[in-house]
Every structure is written in C-alpha cells, then in structure tokens.
$ cat final.cif   # mmCIF, C-alpha atoms and all ligand atoms
data_target
loop_
_atom_site.label_atom_id
_atom_site.label_comp_id
_atom_site.auth_asym_id
_atom_site.auth_seq_id
_atom_site.Cartn_x
_atom_site.Cartn_y
_atom_site.Cartn_z
CA MET A 206 1.11 1.00 76.68
CA THR A 207 1.64 3.25 79.66
CA ASP A 208 5.26 4.25 79.00
CA LYS A 209 4.37 5.36 75.46
CA VAL A 210 4.49 8.95 74.29
CA VAL A 211 1.23 10.81 73.77
CA VAL A 212 1.44 13.94 71.61
CA ILE A 213 -1.32 16.43 72.43
CA THR A 214 -1.68 19.49 70.23
CA GLY A 215 -3.03 22.41 72.22
CA GLY A 216 -2.05 20.62 75.43
CA SER A 217 -1.48 23.90 77.24
CA ARG A 218 -5.07 24.84 78.06
CA GLY A 219 -8.65 23.54 78.26
CA ILE A 220 -9.39 20.04 77.06
CA GLY A 221 -5.80 19.42 75.95
CA ARG A 222 -4.46 20.39 79.37
CA ALA A 223 -6.95 18.13 81.16
CA THR A 224 -6.02 15.30 78.78
CA ALA A 225 -2.30 15.82 79.43
CA LEU A 226 -2.84 15.58 83.17
CA ALA A 227 -5.16 12.57 82.94
CA ALA A 228 -2.88 10.66 80.56
CA ALA A 229 0.22 11.47 82.63
CA ALA A 230 -1.54 10.10 85.71
CA ARG A 231 -1.84 6.80 83.84
CA GLY A 232 1.88 6.77 83.13
CA TYR A 233 2.08 8.05 79.56
CA ARG A 234 4.93 10.41 78.61
CA ILE A 235 3.31 13.61 77.41
CA VAL A 236 4.34 16.01 74.66
CA VAL A 237 2.43 19.21 75.41
CA GLY A 238 2.03 21.14 72.16
CA TYR A 239 1.16 24.82 72.43
CA ALA A 240 0.58 27.57 69.88
CA SER A 241 1.79 30.63 71.79
CA ASN A 242 1.09 30.30 75.51
CA LYS A 243 4.42 28.92 76.70
CA ALA A 244 3.68 29.77 80.33
CA ALA A 245 0.52 27.64 80.30
CA ALA A 246 2.36 24.73 78.65
CA ASP A 247 5.24 24.98 81.12
CA GLU A 248 2.72 24.89 83.97
CA VAL A 249 1.21 21.65 82.62
CA VAL A 250 4.70 20.13 82.41
CA ALA A 251 5.48 21.28 85.97
CA LEU A 252 2.24 19.78 87.29
CA ILE A 253 3.04 16.45 85.62
CA GLU A 254 6.64 16.43 86.83
CA GLY A 255 5.44 17.35 90.32
CA LYS A 256 3.67 14.01 90.35
CA ASN A 257 6.75 12.17 89.02
CA GLY A 258 5.39 12.04 85.50
CA LYS A 259 7.29 12.83 82.31
CA ALA A 260 6.38 15.69 79.99
CA ILE A 261 7.91 18.24 77.65
CA ALA A 262 6.42 21.39 76.14
CA VAL A 263 6.94 22.04 72.42
CA LYS A 264 5.77 25.07 70.48
CA CYS A 265 3.59 23.97 67.59
CA ASP A 266 1.17 26.15 65.69
CA VAL A 267 -0.54 23.42 63.65
CA ALA A 268 -1.19 25.91 60.85
CA GLU A 269 2.59 25.72 60.22
CA GLU A 270 3.82 22.46 58.71
CA SER A 271 7.37 23.20 59.88
CA ASP A 272 6.14 23.44 63.50
CA ILE A 273 4.41 20.06 63.12
CA LEU A 274 7.64 18.47 61.88
CA GLU A 275 9.51 19.92 64.88
CA LEU A 276 6.81 18.67 67.26
CA PHE A 277 7.20 15.10 66.05
CA LYS A 278 11.00 15.34 66.01
CA ALA A 279 10.87 16.32 69.68
CA ALA A 280 8.45 13.45 70.36
CA ASP A 281 10.85 10.99 68.65
CA LYS A 282 13.61 12.02 71.04
CA PHE A 283 11.26 11.62 74.01
CA GLY A 284 10.24 8.00 73.37
CA SER A 285 8.08 5.70 71.29
CA LEU A 286 4.91 7.31 69.97
CA GLY A 287 1.75 5.58 71.19
CA ALA A 288 -0.94 8.15 70.53
CA LEU A 289 -1.74 11.51 68.97
CA VAL A 290 -4.53 13.68 70.29
CA ASN A 291 -5.47 16.18 67.58
CA ASN A 292 -6.89 18.69 70.01
CA GLY A 293 -5.56 22.16 69.12
CA GLY A 294 -8.42 24.07 67.56
CA ILE A 295 -9.90 27.52 67.12
CA VAL A 296 -13.16 29.31 66.47
CA GLY A 297 -13.58 32.56 64.60
CA LYS A 298 -15.54 35.39 66.20
CA SER A 299 -18.91 34.13 67.39
CA GLY A 300 -22.15 35.57 65.99
CA VAL A 301 -20.90 36.00 62.43
CA ARG A 302 -23.02 34.82 59.50
CA VAL A 303 -21.49 33.20 56.42
CA ASP A 304 -22.44 36.26 54.34
CA GLU A 305 -20.17 38.33 56.61
CA MET A 306 -17.13 36.05 56.74
CA SER A 307 -13.73 36.99 55.33
CA ALA A 308 -11.71 34.54 53.27
CA GLU A 309 -8.84 34.94 55.77
CA ARG A 310 -11.01 33.85 58.68
CA ILE A 311 -12.34 30.78 56.89
CA GLN A 312 -8.89 29.80 55.62
CA HIS A 313 -7.35 30.12 59.10
CA VAL A 314 -10.06 28.01 60.76
CA MET A 315 -9.58 25.33 58.11
CA ALA A 316 -5.76 25.54 58.30
CA VAL A 317 -5.72 24.97 62.06
CA ASN A 318 -8.68 22.64 62.57
CA VAL A 319 -8.53 20.56 59.38
CA THR A 320 -5.16 20.76 57.59
CA GLY A 321 -3.26 20.86 60.88
CA SER A 322 -5.03 17.74 62.16
CA ILE A 323 -4.46 15.85 58.91
CA LEU A 324 -0.76 16.79 58.83
CA CYS A 325 -0.28 15.73 62.46
CA ALA A 326 -2.02 12.44 61.68
CA ARG A 327 0.29 11.98 58.69
CA GLU A 328 3.33 12.27 60.95
CA ALA A 329 1.79 9.93 63.53
CA VAL A 330 0.90 7.28 60.93
CA LYS A 331 4.46 7.39 59.54
CA ARG A 332 5.72 6.48 63.01
CA MET A 333 3.00 4.12 64.29
CA SER A 334 1.92 2.12 61.23
CA THR A 335 3.18 -1.47 61.14
CA LYS A 336 3.52 -0.86 57.40
CA HIS A 337 6.32 1.57 58.22
CA GLY A 338 7.89 -0.65 60.90
CA GLY A 339 5.93 0.95 63.77
CA LYS A 340 4.15 -0.79 66.64
CA GLY A 341 0.68 0.63 66.12
CA GLY A 342 -1.08 3.31 68.12
CA VAL A 343 -4.11 5.52 68.41
CA ILE A 344 -5.22 8.85 66.94
CA VAL A 345 -8.01 10.78 68.64
CA ASN A 346 -9.45 13.73 66.74
CA LEU A 347 -11.40 16.48 68.50
CA SER A 348 -14.57 17.20 66.58
CA SER A 349 -17.60 19.01 68.01
CA VAL A 350 -21.37 18.60 68.19
CA ALA A 351 -21.26 21.66 65.92
CA ALA A 352 -20.46 19.19 63.12
CA ARG A 353 -24.02 17.86 63.55
CA LEU A 354 -25.76 21.13 64.51
CA GLY A 355 -24.05 23.41 61.97
CA ALA A 356 -23.69 26.38 64.36
CA PRO A 357 -25.93 28.75 62.34
CA ASN A 358 -25.45 32.47 63.08
CA THR A 359 -22.51 31.52 65.28
CA TYR A 360 -19.62 29.96 63.35
CA VAL A 361 -20.70 27.76 60.46
CA ASP A 362 -17.09 27.70 59.20
CA TYR A 363 -16.00 26.07 62.46
CA ALA A 364 -18.86 23.56 62.26
CA ALA A 365 -17.82 22.69 58.71
CA SER A 366 -14.21 22.21 59.84
CA LYS A 367 -15.41 19.71 62.44
CA GLY A 368 -17.59 17.97 59.85
CA ALA A 369 -14.38 17.49 57.88
CA ILE A 370 -12.75 16.04 60.98
CA ASP A 371 -15.58 13.49 61.29
CA SER A 372 -15.08 12.34 57.68
CA PHE A 373 -11.33 12.28 58.19
CA THR A 374 -11.69 10.15 61.33
CA VAL A 375 -13.82 7.56 59.55
CA GLY A 376 -11.68 7.45 56.41
CA LEU A 377 -8.27 7.39 58.07
CA GLY A 378 -9.55 4.74 60.49
CA TYR A 379 -10.42 2.44 57.60
CA GLU A 380 -7.14 3.24 55.84
CA VAL A 381 -4.92 2.16 58.74
CA ALA A 382 -7.13 -0.38 60.52
CA GLY A 383 -4.94 -3.22 59.22
CA GLU A 384 -1.76 -1.44 60.32
CA GLY A 385 -2.24 -1.45 64.10
CA ILE A 386 -3.67 2.06 64.31
CA ARG A 387 -7.07 2.94 65.71
CA VAL A 388 -8.61 6.32 64.86
CA ALA A 389 -11.49 7.78 66.84
CA GLY A 390 -13.24 11.11 67.16
CA ILE A 391 -14.86 12.89 70.07
CA ARG A 392 -17.65 15.40 69.68
CA PRO A 393 -17.67 17.54 72.83
CA GLY A 394 -20.77 19.55 73.58
CA LEU A 395 -20.66 22.82 75.55
CA ILE A 396 -17.48 22.57 77.58
CA ASP A 397 -16.28 25.12 80.12
CA THR A 398 -13.00 26.32 78.57
CA GLU A 399 -11.52 29.57 77.28
CA ILE A 400 -12.43 28.82 73.64
CA HIS A 401 -15.72 30.70 74.12
CA ALA A 402 -13.85 33.83 75.26
CA ALA A 403 -11.60 33.46 72.22
CA GLY A 404 -14.77 33.64 70.11
CA GLY A 405 -15.71 36.85 71.92
CA GLU A 406 -18.38 35.33 74.17
CA PRO A 407 -16.86 34.12 77.46
CA ASP A 408 -20.15 32.94 78.97
CA ARG A 409 -21.45 31.23 75.79
CA ALA A 410 -21.38 27.72 77.25
CA HIS A 411 -23.25 28.73 80.40
CA ARG A 412 -25.75 30.85 78.45
CA LEU A 413 -26.69 27.84 76.32
CA ALA A 414 -26.59 25.24 79.11
CA HIS A 415 -30.40 25.09 79.17
CA LEU A 416 -30.28 23.55 75.66
CA VAL A 417 -28.35 20.56 76.98
CA PRO A 418 -30.58 17.62 77.99
CA MET A 419 -28.44 17.27 81.15
CA LYS A 420 -28.96 21.02 81.77
CA ARG A 421 -25.31 21.80 82.45
CA VAL A 422 -22.02 22.47 80.70
CA GLY A 423 -19.35 19.79 80.66
CA SER A 424 -15.87 20.04 82.12
CA ALA A 425 -12.57 19.61 80.30
CA GLU A 426 -11.93 16.64 82.58
CA GLU A 427 -15.09 14.88 81.34
CA ILE A 428 -13.75 15.08 77.78
CA ALA A 429 -10.26 14.07 78.90
CA ASN A 430 -11.64 10.93 80.53
CA ALA A 431 -13.17 9.85 77.22
CA ILE A 432 -9.95 10.61 75.33
CA VAL A 433 -7.84 8.65 77.79
CA TRP A 434 -10.22 5.70 77.47
CA LEU A 435 -10.00 5.85 73.68
CA ILE A 436 -6.20 5.78 73.69
CA SER A 437 -6.14 2.91 76.19
CA ASP A 438 -6.27 -0.79 75.35
CA GLU A 439 -9.75 -0.85 76.93
CA ALA A 440 -10.94 0.64 73.64
CA SER A 441 -9.04 -1.96 71.59
CA TYR A 442 -11.98 -2.71 69.25
CA VAL A 443 -12.95 0.95 68.66
CA THR A 444 -11.94 2.52 65.38
CA SER A 445 -13.46 4.82 62.75
CA ALA A 446 -15.91 5.72 65.52
CA ILE A 447 -17.04 9.10 66.83
CA LEU A 448 -18.22 9.47 70.41
CA ASP A 449 -20.53 12.28 71.51
CA VAL A 450 -19.56 13.57 74.97
CA SER A 451 -22.15 16.29 75.22
CA GLY A 452 -24.67 15.67 77.99
CA GLY A 453 -27.08 14.51 75.30
CA ARG A 454 -26.82 17.63 73.11
P1 LIG A 501 -9.12 26.33 74.46
O1 LIG A 501 -9.42 26.26 75.90
O2 LIG A 501 -9.32 27.59 73.70
O3 LIG A 501 -7.61 25.82 74.25
C1 LIG A 501 -7.12 25.78 72.95
C2 LIG A 501 -5.82 25.04 72.92
O4 LIG A 501 -5.44 24.90 71.54
C3 LIG A 501 -4.70 25.80 73.60
O5 LIG A 501 -3.82 24.87 74.17
C4 LIG A 501 -4.06 26.55 72.45
O6 LIG A 501 -2.67 26.81 72.64
C5 LIG A 501 -4.23 25.55 71.33
N1 LIG A 501 -4.22 26.19 70.02
C6 LIG A 501 -4.85 27.30 69.59
N2 LIG A 501 -4.52 27.59 68.32
C7 LIG A 501 -3.65 26.64 67.94
C8 LIG A 501 -2.89 26.41 66.78
N3 LIG A 501 -2.97 27.23 65.72
N4 LIG A 501 -2.07 25.34 66.75
C9 LIG A 501 -1.96 24.52 67.81
N5 LIG A 501 -2.63 24.68 68.94
C10 LIG A 501 -3.45 25.74 69.01
O7 LIG A 501 -9.94 25.21 73.64
P2 LIG A 501 -10.73 23.90 74.11
O8 LIG A 501 -12.12 24.29 74.43
O9 LIG A 501 -9.94 23.15 75.11
O10 LIG A 501 -10.79 23.12 72.73
C11 LIG A 501 -9.97 22.01 72.44
C12 LIG A 501 -10.58 21.27 71.26
O11 LIG A 501 -11.89 20.84 71.59
C13 LIG A 501 -10.71 22.13 70.00
O12 LIG A 501 -10.42 21.35 68.85
C14 LIG A 501 -12.17 22.53 70.00
O13 LIG A 501 -12.66 22.80 68.72
C15 LIG A 501 -12.80 21.28 70.61
N6 LIG A 501 -14.13 21.55 71.19
C16 LIG A 501 -14.27 22.37 72.26
C17 LIG A 501 -15.56 22.60 72.76
C18 LIG A 501 -15.83 23.50 73.95
O14 LIG A 501 -17.00 23.78 74.23
N7 LIG A 501 -14.82 23.94 74.68
C19 LIG A 501 -16.66 22.01 72.16
C20 LIG A 501 -16.46 21.19 71.07
C21 LIG A 501 -15.19 20.97 70.59
P3 LIG A 501 -2.18 28.15 73.42
O15 LIG A 501 -2.42 27.88 74.90
O16 LIG A 501 -0.73 28.24 73.10
O17 LIG A 501 -2.98 29.28 72.91
#

$ encode --input "final.cif" --output "structure tokens"
Amino acid sequence: MTDKVVVITGGSRGIGRATALAAAARGYRIVVGYASNKAAADEVVALIEGKNGKAIAVKCDVAEESDILELFKAADKFGSLGALVNNGGIVGKSGVRVDEMSAERIQHVMAVNVTGSILCAREAVKRMSTKHGGKGGVIVNLSSVAARLGAPNTYVDYAASKGAIDSFTVGLGYEVAGEGIRVAGIRPGLIDTEIHAAGGEPDRAHRLAHLVPMKRVGSAEEIANAIVWLISDEASYVTSAILDVSGGR
C-alpha cells in the first residue's frame, strides 16, 4: 500500500510530525494537516520532499467541519486514500479540577478530540469502504493512557475525551470490519512533545517519568513506529484493538 495517501491531522508537530516522517520514509504520500502552525507543517513537507517523498500541508482545525471537508478534498486530489491518522488533539490547562472547569473549555476539548476525530473518520470511511466503492484502508485514533487513569486534578475532561475515542475505535472497527477497513487505537503514555507546554506545564512528562515502569518518557518516534505498523499490512488482522505504547504505564 506504499503509494497510498495517509492523512494525518496535527501532522505539523509532535507525534503527528514523527508519524508523517516515518510513513513518508515507507513510501506513503502524506497529507500534513495543521491547525494554525503553517511554518511547522511546511517544514515537515520540506523534510519529506528533501528525501524524495511526497507530501502536502493543508490547514485543518478539526473543530471546524468545513476545514475537515477541505482536508479530504485536498487528499482526493493527491491520490487514493489508504489511511487516516486521527492525531490532532488538545488538552485544557493542566491542574484544573472538574469543579473549576468552564463549559467552553470542556466543549472545545470534546469538539477537537472527539467530534473532530469522528468527522474525519466519517470522511475516510466514505472514501475507503468497499460498500462505497473504495478499496479499504486503516484508521488509527490517538487515545491516551489518561482514558484508563482518568487524569484526576489534571484534566479529567481530556481523559474523558480519550475514553470516548476508545469506545469509538472499538465500535467503528466492528461497523466497518466487513468493508475492508481496520480501525485501531493507540494509548500513548508520557511522550516528550509540546502538548505539555500547551497545558501550561512544559516539564510535565519529565516530572512524572518516575511513575512509568520503564522510568523514562517516550519519544514521538516511538509512537510513530506503532502507528506506521498499524497502518501497514503487517497489522492485517488487527482491528477494534487499542495498543498501549506507554513504557508500562
Ligand atoms: P502536540 O505536540 O501539542 O501537537 C499537536 C498537533 O495537533 C499539532 O500538529 C497541532 O497543529 C495539532 N492540533 C492542535 N489543535 C488542533 C485542532 N483543533 N485541529 C487539528 N489539529 C490540531 O501534541 P502531541 O503530544 O503530538 O499529541 C498528538 C496526539 O497524541 C493528541 O491526540 C494527544 O492527545 C495524544 N497524546 C499525546 C501524549 C503526550 O504525552 N504527548 C500522550 C497521550 C496522548 P499546529 O501545529 O497547527 O498547532
């Protein structure tokens, strides 16, 4: 499937960026979605093209349905869709209890992490399902170990959004298993990316590393390797499954 298009939401930084580079190295054509950081997305495209790969950057805030439609229109022009990586995600400010959360914060986390992922999957299924004349494909959803741990006193809303992603992964996987589409989730543990700074605590992952059985944070590349395996034919019998990539956490 190596000449197929892989759409990666939030492909501009962190885990999405590492996934874009790893998938491009295996020959996939990459659609690098980004919310606002065009420079970072353009850099990912340049890195891929510098190694004779194919990539385009497309602005897509997954909280906006119209952006999602544009993302998939651009992907259609770029080639045949083989996989979607539902990676773009956000946390609210860290260290906030539920009894302090605003409705706006909760709604935004859910809009990006849950509704955005489901809408992107909808567009991918329309294109990949054999029921709609497609050739099959793979959807990988980024969950988090927070879905299991609940993230108390940190960001329970985020944890709940990832719990929803786990249910969505299982359910959608069953729904399209007979239509050539595999659906899998990944629960990263503490990964060294800028998401912790976005939550107001840049060194959060390193501060909590002692809680990880392997006693270290993970890298974006370690998550990307699992994602690239899941979208490959090597994972051909894996669906409705969620893989923890968390150093044991
Ligand atoms: P990151 O370094 O903060 O990067 C976030 C990426 O998502 C960026 O490319 C960003 O685009 C994009 N993004 C942000 N808001 C978006 C929106 N509204 N619509 C579309 N894209 C958006 O994050 P990360 O750590 O790589 O996280 C990637 C995924 O892994 C997320 O779903 C996250 O929940 C999950 N995860 C991460 C960890 C961890 O420890 N890092 C642990 C568990 C799960 P711009 O560059 O344009 O801002």

$ atom_distance --input "final.cif" --atom1 "atom P1 of ligand LIG 501 (chain A)" --atom2 "CA of Val381 in chain A"
29.1 Å

$ residues_near_ligand --input "final.cif" --ligand "ligand LIG 501 (chain A)" --cutoff "8 Å" --atoms "all atoms listed in the file" --output "PyMOL selection string"
chain A and resi 214-222+238-243+245-246+264-269+291-296+317-318+321+346-351+363+367+392-403+410+423+425

$ closest_residue --input "final.cif" --among "A:Val250, A:Ile323, A:Val450, A:Ala352" --to "Ala429 in chain A" --atoms "only C-alpha atoms"
A:Val450

$ residues_around --input "final.cif" --residues "Ala382 in chain A" --least-positions-apart "3" --cutoff "10 Å" --atoms "all atoms listed in the file" --output "PDB file with C-alpha atoms, keeping the file's coordinate frame"
ATOM      1  CA  SER A 334       1.920   2.120  61.230  1.00  0.00           C
ATOM      2  CA  GLY A 341       0.680   0.630  66.120  1.00  0.00           C
ATOM      3  CA  GLY A 376     -11.680   7.450  56.410  1.00  0.00           C
ATOM      4  CA  LEU A 377      -8.270   7.390  58.070  1.00  0.00           C
ATOM      5  CA  GLY A 378      -9.550   4.740  60.490  1.00  0.00           C
ATOM      6  CA  TYR A 379     -10.420   2.440  57.600  1.00  0.00           C
ATOM      7  CA  GLY A 385      -2.240  -1.450  64.100  1.00  0.00           C
ATOM      8  CA  ILE A 386      -3.670   2.060  64.310  1.00  0.00           C
ATOM      9  CA  ARG A 387      -7.070   2.940  65.710  1.00  0.00           C
ATOM     10  CA  VAL A 388      -8.610   6.320  64.860  1.00  0.00           C
ATOM     11  CA  THR A 444     -11.940   2.520  65.380  1.00  0.00           C
ATOM     12  CA  SER A 445     -13.460   4.820  62.750  1.00  0.00           C
TER      13      SER A 445
END

$ residues_around --input "final.cif" --residues "Pro418 in chain A" --least-positions-apart "5" --cutoff "9 Å" --atoms "only C-alpha atoms" --output "MDAnalysis selection string"
chainID A and resid 451:454

$ closest_residue --input "final.cif" --among "A:Glu254, A:Ala288, A:Arg409, A:His415" --to "Asp438 in chain A" --atoms "only C-alpha atoms"
A:Ala288

$ residues_around --input "final.cif" --residues "Asp362 in chain A" --least-positions-apart "3" --cutoff "8 Å" --atoms "all atoms listed in the file" --output "PyMOL selection string"
chain A and resi 303+311+314-315+365-366

$ build_atoms --input "final.cif" --residues "range 254-267 of chain A" --atoms "N, CA, C and O atoms" --output "CSV table (one decimal), keeping the file's coordinate frame"
chain,number,residue,atom,x,y,z
A,254,GLU,N,5.4,16.8,86.2
A,254,GLU,CA,6.6,16.4,86.8
A,254,GLU,C,6.5,16.4,88.3
A,254,GLU,O,7.2,15.6,89.0
A,255,GLY,N,5.7,17.3,88.9
A,255,GLY,CA,5.4,17.4,90.3
A,255,GLY,C,4.8,16.1,90.8
A,255,GLY,O,4.9,15.8,92.0
A,256,LYS,N,4.2,15.3,89.9
A,256,LYS,CA,3.7,14.0,90.4
A,256,LYS,C,4.5,12.9,89.8
A,256,LYS,O,4.0,11.8,89.6
A,257,ASN,N,5.8,13.2,89.5
A,257,ASN,CA,6.8,12.2,89.0
A,257,ASN,C,6.4,11.6,87.6
A,257,ASN,O,6.9,10.6,87.3
A,258,GLY,N,5.7,12.4,86.9
A,258,GLY,CA,5.4,12.0,85.5
A,258,GLY,C,6.4,12.6,84.6
A,258,GLY,O,7.3,13.4,85.0
A,259,LYS,N,6.3,12.3,83.3
A,259,LYS,CA,7.3,12.8,82.3
A,259,LYS,C,6.5,13.6,81.3
A,259,LYS,O,5.6,13.1,80.7
A,260,ALA,N,7.0,14.8,81.0
A,260,ALA,CA,6.4,15.7,80.0
A,260,ALA,C,7.4,16.7,79.5
A,260,ALA,O,8.3,17.1,80.2
A,261,ILE,N,7.2,17.1,78.2
A,261,ILE,CA,7.9,18.2,77.6
A,261,ILE,C,6.9,19.2,76.9
A,261,ILE,O,5.9,18.7,76.5
A,262,ALA,N,7.2,20.4,76.9
A,262,ALA,CA,6.4,21.4,76.1
A,262,ALA,C,7.1,21.7,74.8
A,262,ALA,O,8.3,21.9,74.8
A,263,VAL,N,6.4,21.7,73.7
A,263,VAL,CA,6.9,22.0,72.4
A,263,VAL,C,6.0,23.0,71.7
A,263,VAL,O,4.8,22.8,71.6
A,264,LYS,N,6.6,24.1,71.2
A,264,LYS,CA,5.8,25.1,70.5
A,264,LYS,C,5.3,24.5,69.2
A,264,LYS,O,6.2,24.0,68.4
A,265,CYS,N,4.1,24.5,68.9
A,265,CYS,CA,3.6,24.0,67.6
A,265,CYS,C,2.3,24.6,67.2
A,265,CYS,O,1.2,24.3,67.7
A,266,ASP,N,2.4,25.6,66.3
A,266,ASP,CA,1.2,26.2,65.7
A,266,ASP,C,0.9,25.2,64.5
A,266,ASP,O,1.6,25.1,63.6
A,267,VAL,N,-0.3,24.5,64.6
A,267,VAL,CA,-0.5,23.4,63.6
A,267,VAL,C,-0.9,24.0,62.3
A,267,VAL,O,-1.1,23.2,61.3
